[in-house]
>>> print(open('structure14.csv').read())   # CSV, C-alpha atoms and all ligand atoms
chain,number,residue,atom,x,y,z
J,31,LYS,CA,-5.8,-85.2,3.7
J,32,GLY,CA,-2.6,-83.2,3.8
J,33,THR,CA,-1.6,-82.3,7.3
J,34,VAL,CA,-3.4,-84.4,10.0
J,35,LEU,CA,-3.1,-83.6,13.7
J,36,LEU,CA,-3.9,-86.6,16.0
J,37,GLY,CA,-4.6,-85.9,19.6
J,38,GLY,CA,-4.6,-88.7,22.2
J,39,GLY,CA,-5.3,-88.7,25.9
J,40,CYS,CA,-5.4,-91.7,28.4
J,41,TYR,CA,-6.1,-94.8,26.4
J,42,GLY,CA,-6.4,-92.6,23.3
J,43,ILE,CA,-2.6,-92.4,23.2
J,44,GLY,CA,-2.5,-96.0,22.1
J,45,ALA,CA,-5.5,-95.6,19.9
J,46,ILE,CA,-4.0,-92.9,17.7
J,47,TYR,CA,-0.9,-95.1,16.9
J,48,PRO,CA,-2.4,-97.2,14.1
J,49,LEU,CA,-4.1,-94.2,12.7
J,50,ALA,CA,-0.9,-92.2,12.6
J,51,ARG,CA,0.9,-95.2,11.0
J,52,ALA,CA,-1.8,-95.6,8.3
J,53,LEU,CA,-2.1,-91.8,7.6
J,54,LYS,CA,1.7,-91.5,7.3
J,55,ALA,CA,1.9,-94.5,5.0
J,56,ALA,CA,-0.8,-92.8,2.9
J,57,GLY,CA,1.4,-89.8,2.4
J,58,ASN,CA,0.0,-87.3,4.9
J,59,ARG,CA,2.0,-85.1,7.1
J,60,VAL,CA,1.3,-86.4,10.6
J,61,ILE,CA,1.6,-84.5,13.8
J,62,CYS,CA,0.8,-86.4,17.0
J,63,THR,CA,0.1,-84.8,20.3
J,64,ILE,CA,-0.5,-86.7,23.5
J,65,GLU,CA,-1.6,-85.5,26.9
J,66,ALA,CA,-1.5,-86.7,30.5
J,67,SER,CA,-1.9,-85.3,34.0
J,68,SER,CA,1.8,-85.8,34.6
J,69,ALA,CA,4.9,-87.1,32.6
J,70,TYR,CA,5.0,-90.4,34.4
J,71,LEU,CA,1.6,-91.3,32.9
J,72,LEU,CA,2.7,-91.0,29.3
J,73,TYR,CA,3.5,-94.0,27.2
J,74,MET,CA,4.3,-95.0,23.6
J,75,GLU,CA,6.3,-91.8,22.9
J,76,ASP,CA,9.0,-93.6,20.9
J,77,ALA,CA,6.5,-95.7,18.9
J,78,LEU,CA,4.5,-92.5,18.0
J,79,ARG,CA,7.7,-90.7,17.0
J,80,GLN,CA,8.4,-93.4,14.5
J,81,VAL,CA,5.1,-93.1,12.7
J,82,SER,CA,4.8,-89.3,12.7
J,83,ASP,CA,6.6,-86.2,11.5
J,84,GLU,CA,6.3,-84.5,14.8
J,85,LEU,CA,5.3,-85.5,18.4
J,86,ILE,CA,4.1,-82.8,20.8
J,87,ILE,CA,3.8,-83.8,24.4
J,88,ALA,CA,1.5,-81.9,26.8
J,89,THR,CA,1.1,-82.4,30.6
J,90,LYS,CA,-1.4,-80.7,32.8
J,91,ASP,CA,1.2,-80.2,35.6
J,92,GLY,CA,3.8,-78.9,33.1
J,93,SER,CA,6.3,-81.7,34.1
J,94,LEU,CA,7.0,-82.4,30.4
J,95,GLY,CA,6.3,-80.5,27.1
J,96,VAL,CA,3.5,-78.0,26.8
J,97,ARG,CA,1.6,-77.1,30.0
J,98,GLY,CA,-2.0,-78.1,29.3
J,99,GLY,CA,-3.5,-80.7,27.1
J,100,VAL,CA,-4.5,-81.5,23.5
J,101,GLN,CA,-6.7,-78.4,23.2
J,102,GLU,CA,-3.8,-76.1,24.0
J,103,VAL,CA,-1.5,-77.8,21.5
J,104,LEU,CA,-4.2,-77.6,18.8
J,105,ALA,CA,-4.5,-73.8,19.4
J,106,GLN,CA,-0.7,-73.4,19.4
J,107,VAL,CA,-0.2,-75.4,16.2
J,108,ALA,CA,-2.9,-73.4,14.4
J,109,ALA,CA,-1.5,-70.2,15.7
J,110,SER,CA,1.9,-71.1,14.3
J,111,GLY,CA,0.5,-70.9,10.8
J,112,THR,CA,0.3,-74.6,10.1
J,113,THR,CA,-2.8,-75.5,8.2
J,114,ILE,CA,-4.5,-78.5,9.8
J,115,ASP,CA,-6.6,-80.3,7.2
J,116,GLN,CA,-7.9,-82.9,9.6
J,117,PHE,CA,-7.9,-83.2,13.4
J,118,ILE,CA,-8.6,-86.5,15.1
J,119,ALA,CA,-9.1,-86.7,18.8
J,120,ILE,CA,-9.4,-89.9,21.0
J,121,GLY,CA,-9.6,-89.9,24.7
J,122,CYS,CA,-12.1,-89.1,27.5
J,123,THR,CA,-15.4,-87.4,26.6
J,124,PHE,CA,-14.4,-84.2,28.4
J,125,MET,CA,-11.2,-83.8,26.4
J,126,MET,CA,-12.9,-84.6,23.1
J,127,ARG,CA,-15.6,-82.1,23.9
J,128,MET,CA,-13.2,-79.4,24.7
J,129,VAL,CA,-11.0,-79.9,21.7
J,130,THR,CA,-14.1,-79.9,19.5
J,131,ARG,CA,-14.9,-76.5,20.8
J,132,VAL,CA,-11.5,-75.2,19.9
J,133,ALA,CA,-11.6,-76.8,16.5
J,134,LYS,CA,-14.9,-75.2,15.8
J,135,SER,CA,-13.6,-71.8,16.7
J,136,LEU,CA,-10.7,-72.4,14.3
J,137,ASN,CA,-12.9,-73.9,11.6
J,138,ILE,CA,-10.9,-77.2,11.6
J,139,PRO,CA,-12.6,-80.5,10.7
J,140,ILE,CA,-12.5,-82.9,13.6
J,141,LEU,CA,-13.2,-86.6,14.1
J,142,VAL,CA,-13.7,-88.0,17.5
J,143,ALA,CA,-14.0,-91.6,18.8
J,144,LEU,CA,-17.0,-91.7,21.1
J,145,ASN,CA,-17.0,-93.9,24.2
J,146,PRO,CA,-20.6,-94.2,25.4
J,147,ILE,CA,-21.6,-97.0,27.8
J,148,MET,CA,-21.8,-100.2,25.7
J,149,VAL,CA,-23.5,-103.4,26.7
J,150,ASP,CA,-23.7,-105.9,23.8
J,151,GLY,CA,-21.6,-104.1,21.2
J,152,THR,CA,-23.7,-105.5,18.4
J,153,GLY,CA,-26.3,-102.7,17.8
J,154,MET,CA,-29.1,-104.6,19.6
J,155,CYS,CA,-29.3,-103.1,23.2
J,156,GLY,CA,-29.3,-99.4,22.4
J,157,ALA,CA,-27.0,-98.5,25.3
J,158,CYS,CA,-24.5,-96.7,23.1
J,159,ARG,CA,-27.1,-94.5,21.4
J,160,VAL,CA,-25.6,-91.1,20.4
J,161,SER,CA,-27.1,-88.2,18.5
J,162,ILE,CA,-25.1,-87.1,15.5
J,163,GLY,CA,-26.7,-84.1,13.9
J,164,ASP,CA,-30.3,-85.0,13.4
J,165,LYS,CA,-29.6,-88.7,13.3
J,166,THR,CA,-29.5,-91.3,16.1
J,167,SER,CA,-26.5,-93.6,15.8
J,168,PHE,CA,-25.1,-96.5,17.7
J,169,ALA,CA,-21.4,-96.0,18.5
J,170,CYS,CA,-20.7,-99.7,18.5
J,171,ILE,CA,-21.7,-100.4,14.9
J,172,ASP,CA,-22.0,-96.9,13.3
J,173,GLY,CA,-18.9,-95.5,15.0
J,174,PRO,CA,-17.1,-95.1,17.1
J,175,ILE,CA,-15.6,-92.3,14.9
J,176,PHE,CA,-17.9,-89.4,14.2
J,177,ASP,CA,-17.7,-85.8,13.1
J,178,GLY,CA,-17.1,-84.0,16.4
J,179,HIS,CA,-19.0,-80.9,15.2
J,180,LEU,CA,-22.2,-82.9,14.9
J,181,VAL,CA,-22.1,-84.7,18.3
J,182,ASP,CA,-24.7,-83.8,20.9
J,183,TRP,CA,-22.1,-83.6,23.7
J,184,ASP,CA,-24.7,-82.7,26.5
J,185,GLU,CA,-26.6,-85.8,25.8
J,186,LEU,CA,-23.5,-88.0,25.6
J,187,ALA,CA,-22.2,-86.7,28.9
J,188,SER,CA,-25.6,-87.2,30.6
J,189,ARG,CA,-25.9,-90.8,29.3
J,190,ARG,CA,-22.4,-91.6,30.3
J,191,SER,CA,-23.1,-90.6,33.9
J,192,ALA,CA,-26.5,-92.4,34.1
J,193,TYR,CA,-25.1,-95.0,36.5
J,194,ALA,CA,-22.6,-92.8,38.3
J,195,ARG,CA,-24.3,-93.4,41.7
J,196,GLN,CA,-24.3,-97.1,41.3
J,197,GLU,CA,-20.6,-97.0,40.2
J,198,VAL,CA,-19.6,-95.2,43.3
J,199,GLN,CA,-21.7,-97.6,45.5
J,200,ALA,CA,-20.0,-100.6,43.7
J,201,LEU,CA,-16.6,-99.3,44.6
J,202,SER,CA,-17.2,-100.0,48.3
J,203,GLN,CA,-18.2,-103.6,47.4
J,204,ALA,CA,-15.1,-104.2,45.2
J,205,VAL,CA,-13.3,-107.4,45.7
J,206,ASP,CA,-9.8,-107.4,47.1
J,207,LEU,CA,-7.9,-107.5,43.8
J,208,ASN,CA,-4.7,-108.3,45.7
J,209,ALA,CA,-6.2,-111.6,46.8
J,210,LEU,CA,-6.7,-112.6,43.1
J,211,LEU,CA,-3.1,-112.0,42.1
J,212,TYR,CA,-1.1,-115.0,41.1
J,213,LYS,CA,1.6,-115.6,43.7
J,214,PRO,CA,4.1,-118.2,42.7
J,215,GLU,CA,5.2,-120.6,45.4
J,216,LYS,CA,8.7,-120.0,46.7
J,217,ALA,CA,11.2,-122.7,45.7
J,218,SER,CA,12.2,-124.8,48.6
J,301,LIG,FE1,-25.6,-102.1,22.5
J,301,LIG,FE2,-24.2,-100.5,20.9
J,301,LIG,S1,-23.6,-101.5,22.8
J,301,LIG,S2,-26.2,-101.1,20.7
>>> encode(input="structure14.csv", output="structure tokens", more="lines below")
Ligand code: FES
Amino acid sequence: KGTVLLGGGCYGIGAIYPLARALKAAGNRVICTIEASSAYLLYMEDALRQVSDELIIATKDGSLGVRGGVQEVLAQVAASGTTIDQFIAIGCTFMMRMVTRVAKSLNIPILVALNPIMVDGTGMCGACRVSIGDKTSFACIDGPIFDGHLVDWDELASRRSAYARQEVQALSQAVDLNALLYKPEKAS
């Protein structure tokens, strides 16, 4: 591809690692950027440094690196004159939606890893249905990586929140996870 910018947030920080490693091995210039609300929530910085040419850290509270998130880093890297031949973002739907907006304004190709609700993961239940351009796809078997510019983000956000009320209700019925923890017996 040339120069590839990989953006990861939350679980996406781990998910961009194998992509960075493979893209680097294939001869691309790889820039990784990772975001978190605060520095203590970041992880895998050293691992990502080893498989990329540059690692840019962003935190929402400004405790480390750029203040902001992946979308701010994308805009900054583009403004610095670096040509980004491919951008790949993995993280929460909100982040991927926001970075797609920035990528569109900068005319940068973007791939995103969608995370709709999945049930069977085999293409049979239809729960993970997403609209990509004029086509209906199942994220579990057709994706999860799609062209961000073609994703119907409104539909995805609405389908992801379909059970929001039930999820909130379920919280109050949650089992005491502490009671399930393994507690070794003390040696006598
Ligand atoms: Fe059921 Fe994808 S999770 S079709």
>>> closest_residue(input="structure14.csv", among="J:Val149, J:Ala56, J:Ala143, J:Val160", to="ligand LIG 301 (chain J)", atoms="all atoms listed in the file")
J:Val149
>>> residues_near_ligand(input="structure14.csv", ligand="ligand LIG 301 (chain J)", cutoff="9 Å", atoms="all atoms listed in the file", output="list in words")
Pro146, Ile147, Met148, Val149, Asp150, Gly151, Thr152, Gly153, Met154, Cys155, Gly156, Ala157, Cys158, Arg159, Ser167, Phe168, Ala169, Cys170, Ile171 and Asp172 of chain J
>>> atom_distance(input="structure14.csv", atom1="CA of Leu36 (chain J)", atom2="CA of Ala119 (chain J)")
5.9 Å
>>> closest_atom_pairs(input="structure14.csv", of="region 95-114 of chain J", to="region 127-142 of chain J", cutoff="10 Å", atoms="all atoms listed in the file", output="JSON lines")
{"residue": "J:Gly99", "atom": "CA", "partner": "J:Val129", "partner_atom": "CA", "distance": 9.3}
{"residue": "J:Val100", "atom": "CA", "partner": "J:Val129", "partner_atom": "CA", "distance": 6.9}
{"residue": "J:Gln101", "atom": "CA", "partner": "J:Val129", "partner_atom": "CA", "distance": 4.8}
{"residue": "J:Glu102", "atom": "CA", "partner": "J:Val129", "partner_atom": "CA", "distance": 8.5}
{"residue": "J:Val103", "atom": "CA", "partner": "J:Val129", "partner_atom": "CA", "distance": 9.7}
{"residue": "J:Leu104", "atom": "CA", "partner": "J:Val129", "partner_atom": "CA", "distance": 7.7}
{"residue": "J:Ala105", "atom": "CA", "partner": "J:Val132", "partner_atom": "CA", "distance": 7.2}
{"residue": "J:Ala108", "atom": "CA", "partner": "J:Leu136", "partner_atom": "CA", "distance": 7.9}
{"residue": "J:Ala109", "atom": "CA", "partner": "J:Leu136", "partner_atom": "CA", "distance": 9.6}
{"residue": "J:Thr113", "atom": "CA", "partner": "J:Ile138", "partner_atom": "CA", "distance": 8.9}
{"residue": "J:Ile114", "atom": "CA", "partner": "J:Ile138", "partner_atom": "CA", "distance": 6.8}
>>> closest_residue(input="structure14.csv", among="J:Asp83, J:Leu78, J:Leu71, J:Ala66", to="Gly98 (chain J)", atoms="only C-alpha atoms")
J:Ala66
>>> closest_residue(input="structure14.csv", among="J:Ile46, J:Ser67, J:Ser202, J:Glu185", to="Ser82 (chain J)", atoms="all atoms listed in the file")
J:Ile46
>>> atom_distance(input="structure14.csv", atom1="CA of Ile118 (chain J)", atom2="CA of Leu35 (chain J)")
6.4 Å
>>> residues_around(input="structure14.csv", residues="Val34 (chain J)", least_positions_apart="2", cutoff="8 Å", atoms="only C-alpha atoms", output="NGL selection string")
:J and (31-32 or 36 or 53 or 58-61 or 114-118)
>>> atom_distance(input="structure14.csv", atom1="CA of Glu65 (chain J)", atom2="CA of Cys40 (chain J)")
7.4 Å
>>> residues_around(input="structure14.csv", residues="Leu180 (chain J)", least_positions_apart="4", cutoff="9 Å", atoms="only C-alpha atoms", output="PDB file with C-alpha atoms, keeping the file's coordinate frame")
ATOM      1  CA  SER J 161     -27.100 -88.200  18.500  1.00  0.00           C
ATOM      2  CA  ILE J 162     -25.100 -87.100  15.500  1.00  0.00           C
ATOM      3  CA  GLY J 163     -26.700 -84.100  13.900  1.00  0.00           C
ATOM      4  CA  ASP J 164     -30.300 -85.000  13.400  1.00  0.00           C
ATOM      5  CA  PHE J 176     -17.900 -89.400  14.200  1.00  0.00           C
TER       6      PHE J 176
END
>>> closest_residue(input="structure14.csv", among="J:Val181, J:Cys62, J:Leu186, J:Met125", to="Val81 (chain J)", atoms="only C-alpha atoms")
J:Cys62
>>> closest_residue(input="structure14.csv", among="J:Cys122, J:Ile175, J:Ile64, J:Ala77", to="Arg97 (chain J)", atoms="only C-alpha atoms")
J:Ile64
